[in-house]
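Structure data (CSV, C-alpha atoms) from final.csv:
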chain,number,residue,atom,x,y,z
A,145,MET,CA,158.7,82.4,97.7
A,146,PRO,CA,160.4,84.7,100.2
A,147,ASP,CA,158.5,85.8,103.4
A,148,ALA,CA,158.9,89.4,104.6
A,149,LYS,CA,160.2,89.5,108.2
A,150,PHE,CA,160.2,92.4,110.5
A,151,VAL,CA,162.9,92.9,113.2
A,152,LEU,CA,163.9,95.7,115.5
A,153,LYS,CA,167.2,97.6,114.9
A,154,GLU,CA,167.9,97.6,118.7
A,155,PRO,CA,165.8,94.9,120.5
A,156,SER,CA,167.3,95.7,123.9
A,157,SER,CA,167.0,99.5,123.6
A,158,LYS,CA,165.3,101.6,126.3
A,159,HIS,CA,164.0,104.0,123.6
A,160,PRO,CA,161.9,103.6,120.5
A,161,THR,CA,163.9,101.9,117.7
A,162,LEU,CA,163.6,101.4,114.0
A,163,VAL,CA,161.7,98.5,112.5
A,164,TYR,CA,163.4,96.8,109.5
A,165,LEU,CA,161.9,94.7,106.8
A,166,PHE,CA,164.0,91.7,105.7
A,167,LEU,CA,163.4,89.8,102.5
A,168,ARG,CA,165.7,86.9,101.7
A,169,PHE,CA,165.6,85.3,98.2
A,170,ASN,CA,168.0,83.3,96.2
A,171,SER,CA,171.4,84.5,97.4
A,172,TYR,CA,170.1,88.0,98.1
A,173,LYS,CA,169.0,89.8,101.3
A,174,LEU,CA,167.0,93.0,101.3
A,175,LYS,CA,167.2,95.1,104.4
A,176,TYR,CA,164.7,98.0,104.2
A,177,SER,CA,163.9,100.6,106.8
A,178,THR,CA,160.2,100.9,107.3
A,179,GLY,CA,160.7,104.4,108.7
A,180,GLN,CA,158.6,103.4,111.8
A,181,LYS,CA,159.9,103.3,115.3
A,182,ILE,CA,158.5,101.5,118.4
A,183,HIS,CA,159.7,100.9,121.9
A,184,PRO,CA,160.8,97.3,122.3
A,185,LYS,CA,158.5,96.7,125.2
A,186,PHE,CA,155.5,97.1,122.8
A,187,TRP,CA,157.0,94.7,120.3
A,188,ASN,CA,155.9,91.1,119.9
A,189,GLU,CA,159.0,89.3,118.5
A,190,GLU,CA,157.2,86.1,117.7
A,191,LYS,CA,154.4,87.8,115.7
A,192,GLN,CA,156.8,90.5,114.4
A,193,ARG,CA,154.1,93.1,115.1
A,194,ALA,CA,153.3,95.6,117.8
A,195,LYS,CA,151.5,94.3,120.8
A,196,GLU,CA,147.8,94.9,120.9
A,197,THR,CA,147.7,96.9,124.1
A,198,LYS,CA,146.0,100.1,125.2
A,199,ASN,CA,149.5,101.4,126.3
A,200,PHE,CA,150.3,101.6,122.6
A,201,PRO,CA,147.0,102.9,121.1
A,202,GLY,CA,148.4,103.1,117.6
A,203,TYR,CA,149.1,99.4,117.3
A,204,GLU,CA,146.3,98.8,114.7
A,205,GLY,CA,147.6,101.3,112.2
A,206,PHE,CA,151.2,100.4,112.9
A,207,ASN,CA,150.6,96.7,112.2
A,208,SER,CA,148.5,97.4,109.2
A,209,LEU,CA,151.4,99.4,107.7
A,210,LEU,CA,153.9,96.6,108.3
A,211,LYS,CA,151.5,94.0,106.8
A,212,ASN,CA,151.0,96.2,103.7
A,213,MET,CA,154.7,96.9,103.3
A,214,GLY,CA,155.5,93.2,103.5
A,215,GLU,CA,152.8,92.2,101.1
A,216,ILE,CA,153.9,94.8,98.6
A,217,ALA,CA,157.6,93.6,98.8
A,218,GLU,CA,156.5,90.0,98.2
A,219,ALA,CA,154.1,90.9,95.4
A,220,HIS,CA,156.8,92.9,93.5
A,221,TYR,CA,159.2,89.9,93.8
A,222,ARG,CA,156.5,87.8,92.0
A,223,THR,CA,155.9,90.5,89.5
A,224,LEU,CA,159.6,90.7,88.5
A,225,LEU,CA,159.7,86.9,88.1
A,226,ASN,CA,156.5,86.9,86.0
A,227,ASN,CA,158.0,89.6,83.8
A,228,GLY,CA,161.1,87.5,83.2
A,229,GLU,CA,163.3,89.8,85.3
A,230,GLU,CA,165.8,88.8,88.0
A,231,PRO,CA,164.6,90.1,91.4
A,232,THR,CA,167.3,92.1,93.1
A,233,PRO,CA,167.3,94.1,96.4
A,234,GLU,CA,167.8,97.3,94.5
A,235,LYS,CA,164.7,96.8,92.3
A,236,ILE,CA,162.5,95.9,95.2
A,237,ARG,CA,163.9,98.8,97.3
A,238,GLU,CA,163.3,101.3,94.5
A,239,TYR,CA,159.7,100.0,94.2
A,240,LEU,CA,159.1,100.3,97.9
A,241,ASN,CA,160.5,103.8,97.8
A,242,GLU,CA,158.0,104.7,95.1
A,243,LYS,CA,155.1,103.3,97.0
A,244,PHE,CA,155.9,104.8,100.4
A,245,TYR,CA,157.8,107.9,99.5
A,246,LYS,CA,155.9,108.8,96.3
A,247,ASN,CA,155.6,112.5,97.3
A,248,ALA,CA,159.4,112.7,97.7
A,249,ILE,CA,160.5,111.1,94.4
A,250,THR,CA,162.3,113.1,91.7
A,251,THR,CA,161.8,112.5,88.0
A,252,SER,CA,164.8,110.2,88.2
A,253,GLY,CA,163.0,107.9,90.6
A,254,LYS,CA,165.1,108.9,93.7
A,255,ILE,CA,164.0,110.5,96.9
A,256,THR,CA,165.2,114.0,97.2
A,257,PHE,CA,167.3,115.1,100.2
A,258,PHE,CA,164.9,117.8,101.4
A,259,ASP,CA,161.7,115.8,100.9
A,260,PHE,CA,163.3,112.9,102.8
A,261,ILE,CA,163.9,115.3,105.7
A,262,GLU,CA,160.3,116.6,105.5
A,263,LYS,CA,159.0,113.0,105.6
A,264,LEU,CA,161.3,112.3,108.6
A,265,ILE,CA,159.9,115.3,110.5
A,266,GLN,CA,156.3,114.3,109.7
A,267,THR,CA,156.7,110.7,111.0
A,268,SER,CA,159.1,111.4,113.9
A,269,ASN,CA,157.9,110.6,117.4
A,270,LYS,CA,160.4,112.9,119.0
A,271,SER,CA,159.5,115.7,121.4
A,272,LYS,CA,158.1,119.0,120.2
A,273,ALA,CA,161.3,120.7,121.1
A,274,THR,CA,163.3,118.2,119.0
A,275,ILE,CA,160.9,118.5,116.1
A,276,LYS,CA,161.3,122.3,116.3
A,277,GLN,CA,165.1,121.9,116.1
A,278,TYR,CA,164.8,119.6,113.1
A,279,LYS,CA,162.7,122.2,111.3
A,280,LEU,CA,165.2,125.0,112.0
A,281,THR,CA,168.0,122.8,110.6
A,282,TYR,CA,165.9,122.1,107.5
A,283,SER,CA,165.3,125.8,107.1
A,284,ASN,CA,169.0,126.6,107.3
A,285,LEU,CA,169.9,123.9,104.9
A,286,TYR,CA,167.3,125.1,102.4
A,287,GLU,CA,168.4,128.7,102.8
A,288,TYR,CA,172.0,127.7,102.3
A,289,ALA,CA,171.1,125.8,99.1
A,290,THR,CA,169.1,128.7,97.8
A,291,CYS,CA,171.7,131.4,98.6
A,292,SER,CA,174.7,129.5,97.4
A,293,SER,CA,172.9,128.0,94.3
A,294,GLN,CA,174.3,124.6,95.5
A,295,LYS,CA,172.3,121.5,94.9
A,296,ILE,CA,172.3,119.4,98.0
A,297,ASP,CA,171.7,115.7,97.8
A,298,PHE,CA,172.7,112.7,100.0
A,299,ASP,CA,176.0,112.3,98.2
A,300,SER,CA,177.1,116.0,98.5
A,301,ILE,CA,177.2,115.9,102.3
A,302,ASP,CA,181.0,115.8,102.7
A,303,VAL,CA,183.7,117.7,104.5
A,304,SER,CA,183.8,120.4,101.8
A,305,PHE,CA,180.1,120.9,102.3
A,306,TYR,CA,180.6,121.0,106.0
A,307,ASP,CA,183.1,123.8,105.7
A,308,ASP,CA,180.9,125.9,103.4
A,309,PHE,CA,177.8,125.3,105.5
A,310,MET,CA,179.6,126.3,108.7
A,311,ARG,CA,180.8,129.5,107.1
A,312,PHE,CA,177.2,130.2,106.1
A,313,LEU,CA,175.9,129.6,109.7
A,314,LEU,CA,178.7,131.7,111.2
A,315,ASN,CA,177.7,134.7,109.0
A,316,LYS,CA,174.2,134.5,110.6
A,317,ASN,CA,175.9,135.3,113.9
A,318,TYR,CA,174.7,132.1,115.6
A,319,SER,CA,176.1,130.9,118.9
A,320,THR,CA,178.6,128.0,119.0
A,321,ASN,CA,175.9,125.7,120.5
A,322,THR,CA,173.4,126.7,117.8
A,323,LEU,CA,176.0,125.7,115.2
A,324,GLY,CA,176.4,122.4,117.1
A,325,ALA,CA,172.7,121.8,117.1
A,326,ARG,CA,172.5,122.2,113.4
A,327,ILE,CA,175.3,119.8,112.7
A,328,LYS,CA,174.0,117.3,115.2
A,329,ASN,CA,170.6,117.3,113.4
A,330,LEU,CA,172.2,117.1,110.0
A,331,LYS,CA,174.0,113.9,111.2
A,332,VAL,CA,170.7,112.6,112.4
A,333,PHE,CA,169.2,113.1,108.9
A,334,MET,CA,172.1,111.4,107.2
A,335,ASN,CA,172.2,108.5,109.7
A,336,GLU,CA,168.5,107.9,108.9
A,337,ALA,CA,169.2,108.1,105.2
A,338,VAL,CA,172.0,105.5,105.5
A,339,GLU,CA,169.8,103.2,107.6
A,340,SER,CA,167.0,103.5,105.1
A,341,GLY,CA,169.4,102.4,102.3
A,342,LEU,CA,169.1,105.8,100.4
A,343,THR,CA,172.8,106.4,100.4
A,344,ASN,CA,176.1,104.8,101.2
A,345,ASN,CA,177.7,108.2,101.9
A,346,ILE,CA,179.2,108.2,105.5
A,347,GLN,CA,181.5,111.2,105.2
A,348,PHE,CA,179.4,112.9,107.8
A,349,ARG,CA,181.1,110.5,110.3
A,350,ASN,CA,184.5,111.9,109.5
A,351,LYS,CA,186.2,113.3,112.6
A,352,ARG,CA,186.5,116.7,110.8
A,353,PHE,CA,182.7,116.8,110.5
A,354,LYS,CA,182.5,117.6,114.2
A,355,LYS,CA,179.7,119.3,116.2
A,356,PRO,CA,180.9,122.6,117.6
A,357,GLN,CA,180.2,122.9,121.3
A,358,GLU,CA,180.7,125.5,124.0
A,359,LYS,CA,180.2,124.9,127.7
A,360,SER,CA,177.0,126.8,128.5
A,361,GLU,CA,177.0,129.2,131.4
A,362,SER,CA,173.8,128.8,133.3
A,363,ILE,CA,172.8,129.5,136.9
A,364,TYR,CA,171.4,127.6,139.8
A,365,LEU,CA,169.7,129.0,142.9
A,366,THR,CA,171.2,128.5,146.3
A,367,ILE,CA,169.2,127.1,149.2
A,368,ASP,CA,168.8,130.6,150.6
A,369,GLU,CA,167.6,132.0,147.3
A,370,VAL,CA,165.1,129.1,146.9
A,371,ASN,CA,163.9,129.9,150.5
A,372,HIS,CA,163.4,133.6,149.6
A,373,ILE,CA,161.1,132.5,146.7
A,374,TYR,CA,159.3,130.0,148.9
A,375,ASN,CA,158.6,132.6,151.6
A,376,LEU,CA,157.2,135.3,149.3
A,377,ASP,CA,153.7,136.3,150.2
A,378,LEU,CA,151.8,135.8,147.0
A,379,SER,CA,148.3,135.4,148.4
A,380,ASN,CA,147.1,138.3,146.3
A,381,ILE,CA,148.9,137.2,143.1
A,382,GLU,CA,147.4,133.8,142.2
A,383,ARG,CA,149.2,133.5,138.8
A,384,LEU,CA,152.6,133.9,140.5
A,385,ASP,CA,151.6,131.8,143.5
A,386,LYS,CA,151.0,128.6,141.4
A,387,VAL,CA,154.1,129.2,139.4
A,388,ARG,CA,156.2,129.6,142.6
A,389,ASP,CA,154.7,126.4,144.1
A,390,LEU,CA,155.5,124.3,141.0
A,391,PHE,CA,159.0,125.8,140.7
A,392,ILE,CA,159.7,124.9,144.4
A,393,ILE,CA,158.6,121.3,143.6
A,394,GLY,CA,161.1,121.3,140.8
A,395,CYS,CA,163.8,122.6,143.1
A,396,TYR,CA,163.4,119.7,145.4
A,397,THR,CA,162.7,116.9,142.9
A,398,GLY,CA,164.9,117.8,139.9
A,399,LEU,CA,162.0,117.0,137.6
A,400,ARG,CA,161.8,118.5,134.1
A,401,PHE,CA,158.9,120.8,133.1
A,402,SER,CA,157.4,118.0,131.0
A,403,ASP,CA,157.2,115.9,134.1
A,404,LEU,CA,156.1,118.7,136.5
A,405,ILE,CA,153.0,119.4,134.5
A,406,GLN,CA,152.0,115.7,134.4
A,407,LEU,CA,152.1,115.3,138.2
A,408,ARG,CA,148.9,113.7,139.6
A,409,ASP,CA,147.7,112.4,143.0
A,410,GLU,CA,148.5,108.9,141.9
A,411,ASN,CA,152.2,109.8,141.7
A,412,LEU,CA,152.3,110.0,145.5
A,413,ILE,CA,153.3,106.7,147.1
A,414,ASP,CA,154.1,105.2,150.5
A,415,ASN,CA,151.6,107.3,152.4
A,416,LYS,CA,152.5,110.3,150.4
A,417,THR,CA,156.1,110.3,151.5
A,418,LYS,CA,157.6,109.8,148.0
A,419,LEU,CA,156.9,110.7,144.3
A,420,LYS,CA,157.1,108.0,141.7
A,421,VAL,CA,157.2,109.4,138.2
A,422,LYS,CA,157.6,107.9,134.7
A,423,THR,CA,159.7,110.6,133.0
A,424,GLN,CA,158.5,111.8,129.6
A,425,LYS,CA,161.9,112.1,128.1
A,426,THR,CA,163.3,108.6,128.9
A,427,GLY,CA,160.3,106.6,129.9
A,428,GLU,CA,162.2,105.6,133.0
A,429,PHE,CA,160.6,105.6,136.5
A,430,VAL,CA,162.2,107.7,139.2
A,431,VAL,CA,161.3,107.7,142.9
A,432,ILE,CA,161.9,110.8,145.0
A,433,PRO,CA,161.5,111.4,148.7
A,434,LEU,CA,159.3,114.4,149.5
A,435,HIS,CA,160.9,117.5,151.0
A,436,ARG,CA,158.9,119.2,153.7
A,437,TYR,CA,158.2,122.2,151.4
A,438,ILE,CA,156.6,119.8,148.9
A,439,LYS,CA,154.5,118.3,151.6
A,440,GLN,CA,153.3,121.8,152.6
A,441,ILE,CA,152.5,122.7,149.0
A,442,LEU,CA,150.5,119.5,148.5
A,443,GLU,CA,148.5,120.1,151.6
A,444,LYS,CA,147.7,123.6,150.2
A,445,TYR,CA,146.3,122.0,147.1
A,446,ASN,CA,144.5,119.1,148.9
A,447,GLY,CA,147.2,116.6,147.7
A,448,ILE,CA,147.0,117.5,144.0
A,449,PRO,CA,150.0,119.4,142.6
A,450,PRO,CA,149.0,122.8,141.0
A,451,ARG,CA,148.2,122.8,137.3
A,452,LEU,CA,150.2,125.1,135.1
A,453,ILE,CA,150.6,127.1,131.9
A,454,SER,CA,153.1,126.9,129.1
A,455,ASN,CA,156.9,126.6,129.6
A,456,GLN,CA,157.3,130.0,128.0
A,457,LYS,CA,154.8,131.8,130.2
A,458,MET,CA,156.3,130.1,133.3
A,459,ASN,CA,159.7,131.4,132.4
A,460,GLU,CA,158.3,134.9,132.1
A,461,TYR,CA,156.7,134.7,135.6
A,462,LEU,CA,159.8,133.1,137.2
A,463,LYS,CA,161.7,136.3,136.4
A,464,GLU,CA,159.1,138.3,138.2
A,465,LEU,CA,159.4,136.0,141.2
A,466,GLY,CA,163.1,136.3,141.2
A,467,GLN,CA,162.9,140.0,141.2
A,468,LEU,CA,160.4,140.0,144.0
A,469,ALA,CA,162.7,137.7,146.0
A,470,ALA,CA,165.6,140.2,145.4
A,471,ILE,CA,167.8,137.7,143.6
A,472,ASN,CA,169.9,140.6,142.2
A,473,ASP,CA,173.4,139.3,142.0
A,474,GLU,CA,175.1,140.3,138.8
A,475,VAL,CA,176.1,137.5,136.5
A,476,MET,CA,178.4,137.8,133.5
A,477,ILE,CA,177.6,135.5,130.6
A,478,SER,CA,180.1,134.8,127.9
A,479,THR,CA,179.1,133.3,124.6
A,480,THR,CA,180.6,132.9,121.2
A,481,ARG,CA,178.6,134.3,118.3
A,482,GLY,CA,179.7,134.3,114.7
A,483,GLY,CA,183.1,133.1,115.9
A,484,ASN,CA,183.5,136.2,118.2
A,485,LYS,CA,183.4,136.2,122.0
A,486,HIS,CA,180.6,138.3,123.6
A,487,CYS,CA,180.2,139.1,127.3
A,488,GLU,CA,177.0,140.5,128.8
A,489,THR,CA,176.0,141.2,132.4
A,490,PHE,CA,172.6,140.2,133.8
A,491,TYR,CA,170.8,140.4,137.1
A,492,LYS,CA,170.5,136.8,138.3
A,493,TYR,CA,166.7,136.9,138.3
A,494,GLN,CA,166.8,137.7,134.6
A,495,LEU,CA,168.3,134.2,134.0
A,496,ILE,CA,165.9,132.1,136.0
A,497,THR,CA,163.9,129.5,133.9
A,498,VAL,CA,162.0,126.4,134.6
A,499,HIS,CA,165.2,124.3,134.0
A,500,THR,CA,166.9,126.3,136.8
A,501,ALA,CA,164.9,124.2,139.2
A,502,ARG,CA,166.5,121.0,138.0
A,503,ARG,CA,170.0,122.5,138.1
A,504,SER,CA,169.4,123.9,141.5
A,505,PHE,CA,168.3,120.5,142.8
A,506,ALA,CA,171.3,118.7,141.4
A,507,THR,CA,173.8,121.3,142.6
A,508,ASN,CA,172.3,121.8,146.1
A,509,ALA,CA,172.0,118.0,146.6
A,510,TYR,CA,175.7,117.7,145.6
A,511,LEU,CA,176.8,120.5,147.9
A,512,ASN,CA,174.9,118.8,150.8
A,513,ASP,CA,177.0,115.7,150.3
A,514,ILE,CA,174.2,113.5,148.9
A,515,PRO,CA,176.1,110.8,146.9
A,516,THR,CA,176.3,111.4,143.2
A,517,ILE,CA,174.8,108.0,142.4
A,518,SER,CA,171.8,108.8,144.6
A,519,ILE,CA,171.2,112.1,142.8
A,520,MET,CA,171.6,110.5,139.4
A,521,LYS,CA,168.9,108.0,140.4
A,522,ILE,CA,166.5,110.9,140.8
A,523,THR,CA,167.6,113.1,137.9
A,524,GLY,CA,167.7,110.0,135.6
A,525,HIS,CA,171.2,110.6,134.2
A,526,ASN,CA,172.9,107.5,132.9
A,527,THR,CA,176.4,108.8,133.0
A,528,GLU,CA,178.3,110.9,135.5
A,529,LYS,CA,179.7,113.0,132.6
A,530,ALA,CA,176.1,114.1,131.7
A,531,PHE,CA,175.2,114.6,135.3
A,532,LEU,CA,178.1,116.8,136.1
A,533,THR,CA,177.0,119.4,133.5
A,534,TYR,CA,174.2,120.2,136.0
A,535,ILE,CA,176.6,121.0,138.8
A,536,LYS,CA,177.0,124.7,138.7
A,537,ILE,CA,179.3,125.6,141.6
A,538,SER,CA,182.0,128.2,141.6
A,539,GLN,CA,185.7,127.6,142.6
A,540,GLU,CA,185.0,129.3,145.9
A,541,GLU,CA,182.0,127.1,146.6
A,542,ASN,CA,184.0,124.0,145.7
A,543,ALA,CA,186.8,125.1,148.1
A,544,ASN,CA,184.2,125.7,150.9
A,545,LYS,CA,182.8,122.3,150.4
A,546,LEU,CA,186.3,120.8,150.8
A,547,LEU,CA,187.3,123.0,153.7
A,548,ASN,CA,186.4,120.5,156.4
A,549,HIS,CA,187.3,117.4,154.4
A,550,PRO,CA,189.7,115.1,156.4
A,551,PHE,CA,192.3,115.3,153.6
A,552,PHE,CA,192.8,119.1,154.2
A,553,ASN,CA,192.7,118.6,158.0
A,554,ALA,CA,195.0,115.7,158.4
A,555,ALA,CA,197.5,116.0,161.3
Rewrite the structure of this file - the entire thing - as structure tokens.
Amino acid sequence: MPDAKFVLKEPSSKHPTLVYLFLRFNSYKLKYSTGQKIHPKFWNEEKQRAKETKNFPGYEGFNSLLKNMGEIAEAHYRTLLNNGEEPTPEKIREYLNEKFYKNAITTSGKITFFDFIEKLIQTSNKSKATIKQYKLTYSNLYEYATCSSQKIDFDSIDVSFYDDFMRFLLNKNYSTNTLGARIKNLKVFMNEAVESGLTNNIQFRNKRFKKPQEKSESIYLTIDEVNHIYNLDLSNIERLDKVRDLFIIGCYTGLRFSDLIQLRDENLIDNKTKLKVKTQKTGEFVVIPLHRYIKQILEKYNGIPPRLISNQKMNEYLKELGQLAAINDEVMISTTRGGNKHCETFYKYQLITVHTARRSFATNAYLNDIPTISIMKITGHNTEKAFLTYIKISQEENANKLLNHPFFNAA
């Protein structure tokens, strides 16, 4: 009698990873994706279950699902034997799909492509922003299928489909990076389907099935511009005052919006000389020395960072702040939409967002000769390639930085 075993796809991962069900019998082995993900630090390898800890509050339901899935797999194995049928991985997989994806099964007994994506979105533990992108990709795929009268299933995702789908997206006048996001998410869907044993089609990994990408043109604020914002008298405009203060904290910590709004008094360590933050995106800890501006802001709020509004509202207020601080340089932004280049000129303050603070921190730290590895320890980047996308300096700024370098002043 086979026993269901549960193992992690990537036991040493620093991020949540899939849990697989394994069932070995006779000369067969069933590998079945439970569709559930868990961070390895919450996994008890010996018990093959989630640890019973308050840090993973959903452990009870999680473990119950695994127990149920294992028992159903074992029970169906016995049922097949009792009925005089040979148990095979395919038969047990099909039965598990019926049980756990019953709302996504066609009359032929297979999970549909679109219902699988819906299920994936519903059970995903990704960020709200990522879920939103998944939904937009789903919507585009569904619209394409409807408009083209093309039936899309797992096996139809090939290079020919890619070419047609790209033409469809180009006609919607999307930017190159939006096209890239749609293809990236489609690859995520197909990877999950392959991992779940729903298809053997891996044509989406063909080098021609590439994600379009265009280097985004985004701004950073110089130290002088940050100072202009910091020195604004906003004593009579409370809504802008709090936004300004949190933005300044971002400019000198490099923290993302999701981390800025989570700051609490307990994040201050070593006599309030440093911030220690567990980042929302990666789950990693970063430790950041406090700039004098941040110390002054914390004193203003009795040691507790200001609470804030939504990302969208903060972006709106930041443009007001930039205008008040006279950040009026003209910036030309070039993008590719629908396959055609478009150039548009903006005042710099019109382009300020919450994320500008993070780019400003990385760029200003780099220009002030802080070692790249030290900056990356704060921003949380794992590769220099990813980090360098945040360095937004012009050719002239780069030349100025090198002007006094010994290489250019050698006798």
Practice problem: Between A:Thr397, A:Asn472, A:Thr274, A:Asn553, single out the one closest to Ile432 (chain A), counting all atoms listed in the file. | Solution: A:Thr397
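Taking only C-alpha atoms into account, Ala501 (chain A) lies nearest to A:Thr366 out of the set A:Asn446, A:Ser283, A:Asn170, A:Thr366.
Minimum distance to Phe401 (chain A) across A:His499, A:Lys191, A:Lys173, A:Lys439 (counting only C-alpha atoms) occurs at A:His499.
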Exercise. Excluding Gln294 (chain A) and any residue of its chain fewer than 5 positions from it, enumerate the residues within 12 Å of it, using all atoms listed in the file, and give them as an MDAnalysis selection string.
Key: chainID A and resid 285:289 300:301 305 308:309
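Across the structure, CA of Thr533 (chain A) and CA of Arg400 (chain A) are spaced 15.2 Å apart.
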Practice problem: May I have the protein, DNA and RNA residues with an atom at most 8 Å from (162.1, 117.8, 112.8), counting only C-alpha atoms in the file's coordinates, returned as a PyMOL selection string? | Solution: chain A and resi 261-262+264-266+268+274-280+282
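Coordinates place CA of Ile216 (chain A) at a distance of 17.0 Å from CA of Glu230 (chain A).
Using all atoms listed in the file, the contacts of Tyr493 (chain A) at a cut-off of 7 Å, with sequence neighbours closer than 2 positions omitted, comprise Lys463, Gly466, Gln467, Ile471, Asn472, Tyr491, Leu495 and Ile496 of chain A.
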Self-check item: Distance query region 380-384 of chain A at most 8 Å, all atoms listed in the file, self and fewer than 4 positions along chain excluded, as a PyMOL selection string
Solution: chain A and resi 388+461-462+465
Protein and nucleic acid residues near (178.4, 111.6, 107.0) (cut-off 8 Å, all atoms listed in the file) as a short mmCIF file (atom, residue, chain, number, x, y, z; two decimals) with C-alpha atoms, in the frame of the given file:
data_model
loop_
_atom_site.label_atom_id
_atom_site.label_comp_id
_atom_site.auth_asym_id
_atom_site.auth_seq_id
_atom_site.Cartn_x
_atom_site.Cartn_y
_atom_site.Cartn_z
CA ILE A 301 177.20 115.90 102.30
CA ASP A 302 181.00 115.80 102.70
CA LYS A 331 174.00 113.90 111.20
CA MET A 334 172.10 111.40 107.20
CA ASN A 335 172.20 108.50 109.70
CA ASN A 345 177.70 108.20 101.90
CA ILE A 346 179.20 108.20 105.50
CA GLN A 347 181.50 111.20 105.20
CA PHE A 348 179.40 112.90 107.80
CA ARG A 349 181.10 110.50 110.30
CA ASN A 350 184.50 111.90 109.50
CA PHE A 353 182.70 116.80 110.50
#
Exercise. Record the distance separating CA of Ser293 (chain A) and CA of Arg311 (chain A), expressed in Å with one decimal.
Key: 15.1 Å
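Near Asn199 (chain A), within 12 Å and counting only C-alpha atoms, sit Ile182, His183, Lys185, Phe186, Trp187, Ala194, Lys195, Glu196, Thr197, Pro201, Gly202 and Tyr203 of chain A; same-chain residues fewer than 2 positions away were not included.
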With C-alpha atoms retained, write the just-selected residues as a short mmCIF file (atom, residue, chain, number, x, y, z; two decimals), in the coordinates of the input.
data_model
loop_
_atom_site.label_atom_id
_atom_site.label_comp_id
_atom_site.auth_asym_id
_atom_site.auth_seq_id
_atom_site.Cartn_x
_atom_site.Cartn_y
_atom_site.Cartn_z
CA ILE A 182 158.50 101.50 118.40
CA HIS A 183 159.70 100.90 121.90
CA LYS A 185 158.50 96.70 125.20
CA PHE A 186 155.50 97.10 122.80
CA TRP A 187 157.00 94.70 120.30
CA ALA A 194 153.30 95.60 117.80
CA LYS A 195 151.50 94.30 120.80
CA GLU A 196 147.80 94.90 120.90
CA THR A 197 147.70 96.90 124.10
CA PRO A 201 147.00 102.90 121.10
CA GLY A 202 148.40 103.10 117.60
CA TYR A 203 149.10 99.40 117.30
#
As a compact mmCIF listing (two decimals) with C-alpha atoms, in the frame of the given file, please: the residues near region 392-394 of chain A (cut-off 9 Å, all atoms listed in the file, same-chain neighbours under 4 positions excluded).
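Listing of part13.txt after writing:
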# COMPACT_ATOMS: atom_id res chain seq x y z
CA VAL A 370 165.10 129.10 146.90
CA ASN A 371 163.90 129.90 150.50
CA ILE A 373 161.10 132.50 146.70
CA TYR A 374 159.30 130.00 148.90
CA VAL A 387 154.10 129.20 139.40
CA ARG A 388 156.20 129.60 142.60
CA GLY A 398 164.90 117.80 139.90
CA LEU A 399 162.00 117.00 137.60
CA ARG A 400 161.80 118.50 134.10
CA PHE A 401 158.90 120.80 133.10
CA LEU A 404 156.10 118.70 136.50
CA HIS A 435 160.90 117.50 151.00
CA TYR A 437 158.20 122.20 151.40
CA ILE A 438 156.60 119.80 148.90
CA ILE A 441 152.50 122.70 149.00
CA PRO A 449 150.00 119.40 142.60
CA VAL A 498 162.00 126.40 134.60
CA HIS A 499 165.20 124.30 134.00
CA THR A 500 166.90 126.30 136.80
CA ALA A 501 164.90 124.20 139.20
CA ARG A 502 166.50 121.00 138.00
CA SER A 504 169.40 123.90 141.50
CA PHE A 505 168.30 120.50 142.80
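Each of A:Gln539, A:Asn455, A:Thr256, A:Thr232 was compared to Thr343 (chain A) using all atoms listed in the file, and A:Thr256 turns out to be the nearest.
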Using 12 Å as the limit and counting all atoms listed in the file, can you tabulate each residue of region 291-392 of chain A that touches region 145-168 of chain A, with its shortest atom-to-atom distance in Å and the two atoms involved, as CSV?
residue,atom,partner,partner_atom,distance
A:Asn335,CA,A:Leu162,CA,12.0
A:Glu336,CA,A:Leu162,CA,9.6
A:Glu339,CA,A:Leu162,CA,9.1
A:Ser340,CA,A:Tyr164,CA,8.8
A:Gly341,CA,A:Tyr164,CA,10.9
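Among the candidate residues A:Phe490, A:Phe531, A:Phe200, A:Tyr239, the one lying nearest to Thr223 (chain A) is A:Tyr239, with distances computed using all atoms listed in the file.
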Self-check item: Best match for closeness to Val332 (chain A) among A:Arg408, A:Lys316, A:Lys355, A:Arg237, counting all atoms listed in the file
Solution: A:Lys355
